[in-house]
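Text of the file input01.json, holding JSON, C-alpha atoms and all ligand atoms:
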[["chain", "number", "residue", "atom", "x", "y", "z"],
["A", 18, "MET", "CA", 41.70, 42.57, 13.11],
["A", 19, "SER", "CA", 38.84, 40.15, 12.55],
["A", 20, "THR", "CA", 39.45, 36.49, 11.80],
["A", 21, "PRO", "CA", 38.32, 36.60, 8.13],
["A", 22, "ALA", "CA", 40.65, 39.56, 7.51],
["A", 23, "GLN", "CA", 43.54, 37.62, 9.10],
["A", 24, "LEU", "CA", 42.80, 34.68, 6.80],
["A", 25, "ILE", "CA", 42.65, 36.87, 3.67],
["A", 26, "ASN", "CA", 45.98, 38.43, 4.66],
["A", 27, "GLY", "CA", 47.27, 34.90, 5.19],
["A", 28, "PHE", "CA", 46.30, 34.03, 1.64],
["A", 29, "ARG", "CA", 48.15, 37.08, 0.34],
["A", 30, "ARG", "CA", 51.29, 35.99, 2.20],
["A", 31, "PHE", "CA", 50.85, 32.45, 0.82],
["A", 32, "ARG", "CA", 50.59, 33.84, -2.71],
["A", 33, "GLU", "CA", 53.77, 35.90, -2.30],
["A", 34, "LEU", "CA", 55.85, 33.40, -0.34],
["A", 35, "HIS", "CA", 54.79, 30.12, -1.91],
["A", 36, "PHE", "CA", 52.71, 30.54, -5.05],
["A", 37, "ALA", "CA", 55.07, 33.12, -6.61],
["A", 38, "ASN", "CA", 58.33, 31.62, -5.34],
["A", 39, "ASP", "CA", 57.39, 28.08, -6.28],
["A", 40, "ALA", "CA", 55.59, 28.92, -9.51],
["A", 41, "GLU", "CA", 57.13, 26.01, -11.41],
["A", 42, "ARG", "CA", 55.78, 23.45, -8.95],
["A", 43, "PHE", "CA", 52.29, 24.94, -8.98],
["A", 44, "GLN", "CA", 52.33, 25.06, -12.78],
["A", 45, "GLU", "CA", 53.23, 21.34, -12.87],
["A", 46, "LEU", "CA", 50.40, 20.55, -10.42],
["A", 47, "VAL", "CA", 47.96, 22.48, -12.60],
["A", 48, "GLN", "CA", 49.18, 20.97, -15.85],
["A", 49, "PHE", "CA", 49.70, 17.35, -14.84],
["A", 50, "GLY", "CA", 47.33, 17.03, -11.87],
["A", 51, "GLN", "CA", 48.10, 15.55, -8.50],
["A", 52, "THR", "CA", 50.14, 12.44, -7.74],
["A", 53, "PRO", "CA", 50.23, 12.49, -3.93],
["A", 54, "LYS", "CA", 52.84, 10.38, -2.13],
["A", 55, "ALA", "CA", 50.39, 9.23, 0.54],
["A", 56, "LEU", "CA", 46.79, 9.36, 1.66],
["A", 57, "VAL", "CA", 46.42, 10.52, 5.25],
["A", 58, "VAL", "CA", 43.33, 10.00, 7.41],
["A", 59, "ALA", "CA", 43.63, 12.66, 10.10],
["A", 60, "CYS", "CA", 41.44, 14.26, 12.76],
["A", 61, "CYS", "CA", 39.60, 17.56, 12.23],
["A", 62, "ASP", "CA", 41.42, 18.91, 15.31],
["A", 63, "SER", "CA", 42.92, 22.31, 14.41],
["A", 64, "ARG", "CA", 46.22, 21.40, 16.10],
["A", 65, "VAL", "CA", 47.06, 18.39, 13.95],
["A", 66, "ASP", "CA", 47.23, 19.60, 10.35],
["A", 67, "PRO", "CA", 49.06, 16.72, 8.57],
["A", 68, "ALA", "CA", 50.72, 18.93, 5.94],
["A", 69, "LEU", "CA", 52.17, 21.09, 8.71],
["A", 70, "VAL", "CA", 53.11, 18.26, 11.11],
["A", 71, "LEU", "CA", 54.75, 16.24, 8.30],
["A", 72, "ASP", "CA", 56.22, 19.33, 6.61],
["A", 73, "CYS", "CA", 54.70, 18.62, 3.20],
["A", 74, "ALA", "CA", 54.12, 20.80, 0.16],
["A", 75, "PRO", "CA", 50.94, 21.14, -1.92],
["A", 76, "GLY", "CA", 50.48, 17.99, -3.98],
["A", 77, "ASP", "CA", 52.30, 15.73, -1.49],
["A", 78, "LEU", "CA", 49.38, 14.46, 0.63],
["A", 79, "PHE", "CA", 45.82, 13.45, -0.16],
["A", 80, "VAL", "CA", 44.16, 14.24, 3.16],
["A", 81, "ILE", "CA", 40.87, 13.01, 4.60],
["A", 82, "ARG", "CA", 39.93, 14.66, 7.89],
["A", 83, "ASN", "CA", 37.06, 13.61, 10.12],
["A", 84, "VAL", "CA", 36.25, 13.41, 13.82],
["A", 85, "ALA", "CA", 38.89, 11.19, 15.52],
["A", 86, "ASN", "CA", 40.50, 10.11, 12.20],
["A", 87, "LEU", "CA", 38.25, 7.07, 11.89],
["A", 88, "VAL", "CA", 37.79, 4.77, 8.91],
["A", 89, "PRO", "CA", 34.34, 3.16, 8.82],
["A", 90, "PRO", "CA", 33.97, -0.43, 7.64],
["A", 91, "ALA", "CA", 32.96, -0.93, 4.00],
["A", 92, "GLU", "CA", 29.15, -1.01, 3.88],
["A", 93, "ASN", "CA", 26.42, 0.24, 1.63],
["A", 94, "LEU", "CA", 23.84, 1.18, 4.26],
["A", 95, "GLY", "CA", 22.72, 4.78, 4.34],
["A", 96, "HIS", "CA", 23.47, 7.25, 1.59],
["A", 97, "TYR", "CA", 26.42, 9.49, 2.28],
["A", 98, "HIS", "CA", 29.90, 8.14, 2.85],
["A", 99, "GLY", "CA", 32.38, 11.02, 2.71],
["A", 100, "THR", "CA", 35.35, 9.12, 4.09],
["A", 101, "SER", "CA", 34.76, 6.01, 1.97],
["A", 102, "ALA", "CA", 34.29, 8.12, -1.18],
["A", 103, "ALA", "CA", 37.56, 9.98, -0.56],
["A", 104, "LEU", "CA", 39.36, 6.68, 0.13],
["A", 105, "GLU", "CA", 38.01, 5.28, -3.14],
["A", 106, "PHE", "CA", 39.24, 8.30, -5.09],
["A", 107, "GLY", "CA", 42.68, 8.27, -3.44],
["A", 108, "VAL", "CA", 43.20, 4.53, -3.93],
["A", 109, "CYS", "CA", 41.41, 3.76, -7.21],
["A", 110, "ASN", "CA", 41.98, 7.00, -9.12],
["A", 111, "LEU", "CA", 45.19, 8.43, -7.70],
["A", 112, "ALA", "CA", 46.78, 5.06, -6.84],
["A", 113, "VAL", "CA", 48.47, 6.30, -3.67],
["A", 114, "PRO", "CA", 51.19, 3.86, -2.52],
["A", 115, "HIS", "CA", 50.62, 4.52, 1.21],
["A", 116, "ILE", "CA", 47.68, 5.12, 3.54],
["A", 117, "ILE", "CA", 48.51, 6.59, 6.94],
["A", 118, "VAL", "CA", 45.91, 6.70, 9.73],
["A", 119, "LEU", "CA", 47.23, 9.60, 11.81],
["A", 120, "GLY", "CA", 45.85, 9.62, 15.34],
["A", 121, "HIS", "CA", 46.84, 12.10, 18.01],
["A", 122, "ALA", "CA", 47.00, 12.81, 21.75],
["A", 123, "GLN", "CA", 44.20, 14.82, 23.40],
["A", 124, "CYS", "CA", 41.65, 13.77, 20.79],
["A", 125, "GLY", "CA", 38.26, 15.32, 21.56],
["A", 126, "GLY", "CA", 36.35, 12.57, 19.76],
["A", 127, "ILE", "CA", 38.03, 9.85, 21.81],
["A", 128, "HIS", "CA", 37.49, 11.93, 24.96],
["A", 129, "ALA", "CA", 33.77, 12.04, 24.17],
["A", 130, "LEU", "CA", 33.72, 8.30, 23.50],
["A", 131, "LEU", "CA", 35.34, 7.50, 26.86],
["A", 132, "GLU", "CA", 33.80, 10.14, 29.08],
["A", 133, "GLY", "CA", 30.34, 10.31, 27.49],
["A", 134, "GLY", "CA", 30.84, 13.90, 26.38],
["A", 135, "VAL", "CA", 28.45, 13.52, 23.47],
["A", 136, "ALA", "CA", 25.22, 15.26, 24.48],
["A", 137, "LYS", "CA", 22.62, 13.21, 22.64],
["A", 138, "GLU", "CA", 22.60, 9.58, 21.61],
["A", 139, "SER", "CA", 21.11, 10.72, 18.32],
["A", 140, "SER", "CA", 23.88, 13.21, 17.58],
["A", 141, "PHE", "CA", 26.09, 12.79, 14.53],
["A", 142, "ILE", "CA", 29.19, 12.50, 16.72],
["A", 143, "ALA", "CA", 27.74, 9.73, 18.93],
["A", 144, "GLU", "CA", 26.78, 7.71, 15.86],
["A", 145, "TRP", "CA", 30.13, 8.31, 14.16],
["A", 146, "MET", "CA", 32.16, 7.37, 17.25],
["A", 147, "LYS", "CA", 30.45, 3.96, 17.34],
["A", 148, "ILE", "CA", 33.12, 2.95, 14.80],
["A", 149, "ALA", "CA", 35.59, 2.98, 17.72],
["A", 150, "GLU", "CA", 33.30, 1.28, 20.25],
["A", 151, "ALA", "CA", 35.56, -1.79, 20.46],
["A", 152, "ALA", "CA", 38.48, 0.49, 21.38],
["A", 153, "ARG", "CA", 36.43, 1.96, 24.23],
["A", 154, "LYS", "CA", 35.54, -1.50, 25.57],
["A", 155, "GLN", "CA", 39.11, -2.70, 25.33],
["A", 156, "THR", "CA", 40.35, 0.39, 27.15],
["A", 157, "GLU", "CA", 37.76, 0.07, 29.91],
["A", 158, "GLN", "CA", 38.74, -3.57, 30.46],
["A", 159, "GLY", "CA", 42.51, -3.30, 30.01],
["A", 160, "PHE", "CA", 43.05, 0.02, 31.80],
["A", 161, "GLU", "CA", 40.50, -0.10, 34.59],
["A", 162, "GLY", "CA", 41.48, 2.32, 37.35],
["A", 163, "ALA", "CA", 44.27, 3.87, 35.29],
["A", 164, "GLY", "CA", 44.63, 7.65, 35.00],
["A", 165, "ASP", "CA", 42.78, 9.59, 32.31],
["A", 166, "LYS", "CA", 45.90, 10.32, 30.28],
["A", 167, "LEU", "CA", 46.87, 6.65, 30.03],
["A", 168, "ARG", "CA", 43.31, 5.54, 29.23],
["A", 169, "HIS", "CA", 42.83, 8.18, 26.55],
["A", 170, "ARG", "CA", 46.19, 7.39, 24.96],
["A", 171, "ALA", "CA", 45.37, 3.67, 24.91],
["A", 172, "CYS", "CA", 41.98, 4.30, 23.33],
["A", 173, "GLU", "CA", 43.36, 6.77, 20.78],
["A", 174, "GLN", "CA", 45.93, 4.18, 19.69],
["A", 175, "GLN", "CA", 43.46, 1.28, 19.74],
["A", 176, "ALA", "CA", 41.10, 3.28, 17.51],
["A", 177, "ILE", "CA", 43.90, 3.62, 14.94],
["A", 178, "LEU", "CA", 44.14, -0.18, 14.81],
["A", 179, "ILE", "CA", 40.38, -0.46, 14.27],
["A", 180, "SER", "CA", 40.67, 1.94, 11.34],
["A", 181, "LEU", "CA", 43.56, -0.09, 9.88],
["A", 182, "ASN", "CA", 41.39, -3.22, 10.10],
["A", 183, "ASN", "CA", 38.45, -1.40, 8.55],
["A", 184, "LEU", "CA", 40.61, -0.25, 5.63],
["A", 185, "MET", "CA", 41.09, -3.92, 4.75],
["A", 186, "THR", "CA", 37.30, -4.40, 4.47],
["A", 187, "PHE", "CA", 37.35, -2.37, 1.22],
["A", 188, "SER", "CA", 38.04, -4.90, -1.55],
["A", 189, "TRP", "CA", 40.03, -2.42, -3.67],
["A", 190, "ILE", "CA", 42.31, -1.69, -0.69],
["A", 191, "ARG", "CA", 42.73, -5.32, 0.37],
["A", 192, "GLU", "CA", 43.63, -6.38, -3.19],
["A", 193, "ARG", "CA", 46.27, -3.68, -3.57],
["A", 194, "VAL", "CA", 47.77, -4.47, -0.15],
["A", 195, "GLU", "CA", 47.96, -8.16, -1.05],
["A", 196, "GLN", "CA", 49.58, -7.29, -4.39],
["A", 197, "GLY", "CA", 52.20, -5.15, -2.62],
["A", 198, "LYS", "CA", 51.01, -1.97, -4.34],
["A", 199, "LEU", "CA", 49.72, -0.32, -1.19],
["A", 200, "THR", "CA", 51.04, -0.19, 2.39],
["A", 201, "LEU", "CA", 48.98, 0.76, 5.46],
["A", 202, "HIS", "CA", 50.46, 2.63, 8.42],
["A", 203, "GLY", "CA", 49.15, 3.54, 11.87],
["A", 204, "TRP", "CA", 50.82, 6.69, 13.20],
["A", 205, "TYR", "CA", 50.22, 8.66, 16.39],
["A", 206, "PHE", "CA", 51.17, 12.31, 16.84],
["A", 207, "ASP", "CA", 51.93, 12.98, 20.50],
["A", 208, "ILE", "CA", 51.18, 16.69, 20.59],
["A", 209, "GLU", "CA", 52.25, 16.83, 24.25],
["A", 210, "GLY", "CA", 55.72, 15.36, 23.78],
["A", 211, "GLY", "CA", 56.17, 16.52, 20.18],
["A", 212, "GLU", "CA", 56.79, 12.97, 18.98],
["A", 213, "LEU", "CA", 55.57, 10.85, 16.09],
["A", 214, "LEU", "CA", 54.96, 7.16, 16.84],
["A", 215, "GLY", "CA", 54.26, 4.34, 14.41],
["A", 216, "TYR", "CA", 52.56, 1.00, 15.01],
["A", 217, "ASN", "CA", 55.02, -1.87, 14.73],
["A", 218, "THR", "CA", 53.14, -5.02, 13.70],
["A", 219, "ALA", "CA", 56.01, -7.22, 14.97],
["A", 220, "THR", "CA", 56.08, -5.85, 18.53],
["A", 221, "ARG", "CA", 52.42, -4.75, 18.51],
["A", 222, "GLN", "CA", 53.50, -1.46, 20.01],
["A", 223, "PHE", "CA", 53.49, 2.17, 18.95],
["A", 224, "GLU", "CA", 57.16, 3.15, 18.72],
["A", 225, "THR", "CA", 58.97, 6.43, 17.99],
["A", 226, "LEU", "CA", 59.61, 6.87, 14.27],
["B", 301, "ZN", "ZN", 41.12, 14.22, 17.34]]
What is this structure when it is put down as structure tokens?
Amino acid sequence: MSTPAQLINGFRRFRELHFANDAERFQELVQFGQTPKALVVACCDSRVDPALVLDCAPGDLFVIRNVANLVPPAENLGHYHGTSAALEFGVCNLAVPHIIVLGHAQCGGIHALLEGGVAKESSFIAEWMKIAEAARKQTEQGFEGAGDKLRHRACEQQAILISLNNLMTFSWIRERVEQGKLTLHGWYFDIEGGELLGYNTATRQFETL
């Protein structure tokens, strides 16, 4: 069976198992719109679907996915800002009470950043990954001579902290955080160990949730 046919069959199963069995919930979502519990910034990686990993139903999560789950700083240069536009909608229109930056182990974007896997300097990925350049430098300095796994993990987690800082550069996020209406979280899905870690601002460590 070809992949598109598998996907169409998947939709038919979804319609029978979820859409029909949970008709009331879907009707509410259609009638009243979405009021997601959290906004999640996740990686495009096919192994780290936030709704699946966090066992959520339709309507629960407002999800932004991009390469290496990065949040750019607020700036008006250039023309197209997909991640910033989605953040603005989630925060200003949907008033989500939580933003979770969900990083993960074995991130291809972070791998490219550390190992120079991006083919051309002019590529979209190389330009995009510059957001996490400080994480790369910190990893190279702090984990010199360490094994790949340790270095990559350190950089993946450091990049989450950069994104958390960048979130605060958007005035409409900073204001809501300061007013106690919005809470920011840095989470890390360890796909190898099957664990979910969260950044603890008191200990400055990622700890099992
Ligand atoms: Zn990734």
request  = Find the spatial neighbours of region 101-103 of chain A, counting all atoms listed in the file, within a cut-off of 9 Å - ignore same-chain residues fewer than 6 positions away - and output them as a VMD selection string.
outcome  = chain A and resid 79 to 81 88 to 91 187
ask   = When you draw a straight line from CA of Val58 (chain A) to CA of Trp189 (chain A), how long is it in Å?
value =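 Spanning CA of Val58 (chain A) to CA of Trp189 (chain A) is a straight-line distance of 17.0 Å.
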task = Would you work out the distance separating CA of Gln175 (chain A) from CA of Ala152 (chain A), expressed in Å to one decimal?
result =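 Atom-to-atom, CA of Gln175 (chain A) and CA of Ala152 (chain A) are spaced 5.3 Å apart.
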Env. residues ligand ZN 301 (chain B) / 6 Å / all atoms listed in the file / as number ranges by chain = A: 60, 62, 85, 124-126
Shortest interatomic distance to Gly120 (chain A) - which of A:Lys147, A:Lys154, A:His202, A:Arg30, counting only C-alpha atoms =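 That would be A:His202, the residue with the smallest distance to Gly120 (chain A).
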ask   = Around (57.3, 1.9, 11.3) in the file's frame, which residues reach within 12 Å when counting all atoms listed in the file? Return as a PyMOL selection string?
value = chain A and resi 117+200-205+213-226
12 Å contact set for Ser188 (chain A), only C-alpha atoms, chain neighbours under 2 positions out, as a count of residues only = 18
Polymer residues at most 7 Å from Asp207 (chain A), only C-alpha atoms, same-chain spacing of 5 or more positions, as a list in words = His121, Ala122, Glu212 and Leu213 of chain A
key: Residue nearest Ile116 (chain A) - candidates A:His98, A:His35, A:Lys54, A:Arg29, atoms counted: all atoms listed in the file   = A:Lys54
inquiry  = Under the rule that all atoms listed in the file are counted, which of A:Glu209, A:Pro67, A:Phe49, A:Gly27 is the nearest residue to Arg170 (chain A)?
reply    = A:Glu209
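CA of Arg42 (chain A) is found 22.1 Å from CA of His115 (chain A).
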ask   = Pick from A:Glu157, A:Asn93, A:Gly164, A:Val84: nearest to Ile127 (chain A), with only C-alpha atoms counted?
value = A:Val84
Adding 5 Å on each side of the box along x, y and z that holds all listed atoms of region 179-186 of chain A, could you give its centre and edge lengths in Å to one decimal, as lines of an AutoDock Vina configuration file?
center_x = 40.4
center_y = -1.2
center_z = 9.4
size_x = 16.3
size_y = 16.3
size_z = 19.8
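Near (53.6, 20.9, -0.7), the residues inside the 10 Å limit, counting all atoms listed in the file, come to His35, Asp39, Arg42, Phe43, Pro53, Ala68, Leu69, Asp72, Cys73, Ala74, Pro75, Gly76, Asp77 and Leu78 of chain A.
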Reconstruct region 68-80 of chain A at the level of N, CA, C and O atoms, and format the result as a PDB file, keeping the file's coordinate frame.
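Output file selection-v3.pdb is given in full below:
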ATOM      1  N   ALA A  68      49.733  18.292   6.819  1.00  0.00           N
ATOM      2  CA  ALA A  68      50.720  18.930   5.940  1.00  0.00           C
ATOM      3  C   ALA A  68      51.742  19.710   6.759  1.00  0.00           C
ATOM      4  O   ALA A  68      52.932  19.751   6.432  1.00  0.00           O
ATOM      5  N   LEU A  69      51.277  20.295   7.860  1.00  0.00           N
ATOM      6  CA  LEU A  69      52.170  21.090   8.710  1.00  0.00           C
ATOM      7  C   LEU A  69      53.036  20.171   9.569  1.00  0.00           C
ATOM      8  O   LEU A  69      54.261  20.319   9.635  1.00  0.00           O
ATOM      9  N   VAL A  70      52.396  19.181  10.209  1.00  0.00           N
ATOM     10  CA  VAL A  70      53.110  18.260  11.110  1.00  0.00           C
ATOM     11  C   VAL A  70      54.162  17.449  10.345  1.00  0.00           C
ATOM     12  O   VAL A  70      55.244  17.163  10.857  1.00  0.00           O
ATOM     13  N   LEU A  71      53.834  17.076   9.089  1.00  0.00           N
ATOM     14  CA  LEU A  71      54.750  16.240   8.300  1.00  0.00           C
ATOM     15  C   LEU A  71      55.559  17.075   7.311  1.00  0.00           C
ATOM     16  O   LEU A  71      56.281  16.528   6.481  1.00  0.00           O
ATOM     17  N   ASP A  72      55.439  18.389   7.416  1.00  0.00           N
ATOM     18  CA  ASP A  72      56.220  19.330   6.610  1.00  0.00           C
ATOM     19  C   ASP A  72      56.129  18.993   5.110  1.00  0.00           C
ATOM     20  O   ASP A  72      57.147  18.734   4.464  1.00  0.00           O
ATOM     21  N   CYS A  73      54.915  18.984   4.600  1.00  0.00           N
ATOM     22  CA  CYS A  73      54.700  18.620   3.200  1.00  0.00           C
ATOM     23  C   CYS A  73      54.252  19.825   2.371  1.00  0.00           C
ATOM     24  O   CYS A  73      53.699  20.784   2.897  1.00  0.00           O
ATOM     25  N   ALA A  74      54.490  19.732   1.091  1.00  0.00           N
ATOM     26  CA  ALA A  74      54.120  20.800   0.160  1.00  0.00           C
ATOM     27  C   ALA A  74      52.802  20.453  -0.522  1.00  0.00           C
ATOM     28  O   ALA A  74      52.368  19.289  -0.493  1.00  0.00           O
ATOM     29  N   PRO A  75      52.157  21.453  -1.165  1.00  0.00           N
ATOM     30  CA  PRO A  75      50.940  21.140  -1.920  1.00  0.00           C
ATOM     31  C   PRO A  75      51.222  20.041  -2.951  1.00  0.00           C
ATOM     32  O   PRO A  75      52.265  20.046  -3.604  1.00  0.00           O
ATOM     33  N   GLY A  76      50.302  19.102  -3.043  1.00  0.00           N
ATOM     34  CA  GLY A  76      50.480  17.990  -3.980  1.00  0.00           C
ATOM     35  C   GLY A  76      51.065  16.743  -3.341  1.00  0.00           C
ATOM     36  O   GLY A  76      51.030  15.669  -3.927  1.00  0.00           O
ATOM     37  N   ASP A  77      51.630  16.877  -2.137  1.00  0.00           N
ATOM     38  CA  ASP A  77      52.300  15.730  -1.490  1.00  0.00           C
ATOM     39  C   ASP A  77      51.302  14.751  -0.849  1.00  0.00           C
ATOM     40  O   ASP A  77      51.481  13.547  -0.909  1.00  0.00           O
ATOM     41  N   LEU A  78      50.281  15.307  -0.173  1.00  0.00           N
ATOM     42  CA  LEU A  78      49.380  14.460   0.630  1.00  0.00           C
ATOM     43  C   LEU A  78      47.938  14.591   0.163  1.00  0.00           C
ATOM     44  O   LEU A  78      47.455  15.704  -0.069  1.00  0.00           O
ATOM     45  N   PHE A  79      47.263  13.469   0.057  1.00  0.00           N
ATOM     46  CA  PHE A  79      45.820  13.450  -0.160  1.00  0.00           C
ATOM     47  C   PHE A  79      45.210  13.240   1.224  1.00  0.00           C
ATOM     48  O   PHE A  79      45.391  12.175   1.821  1.00  0.00           O
ATOM     49  N   VAL A  80      44.555  14.257   1.740  1.00  0.00           N
ATOM     50  CA  VAL A  80      44.160  14.240   3.160  1.00  0.00           C
ATOM     51  C   VAL A  80      42.655  14.096   3.331  1.00  0.00           C
ATOM     52  O   VAL A  80      41.878  14.807   2.694  1.00  0.00           O
TER      53      VAL A  80
END
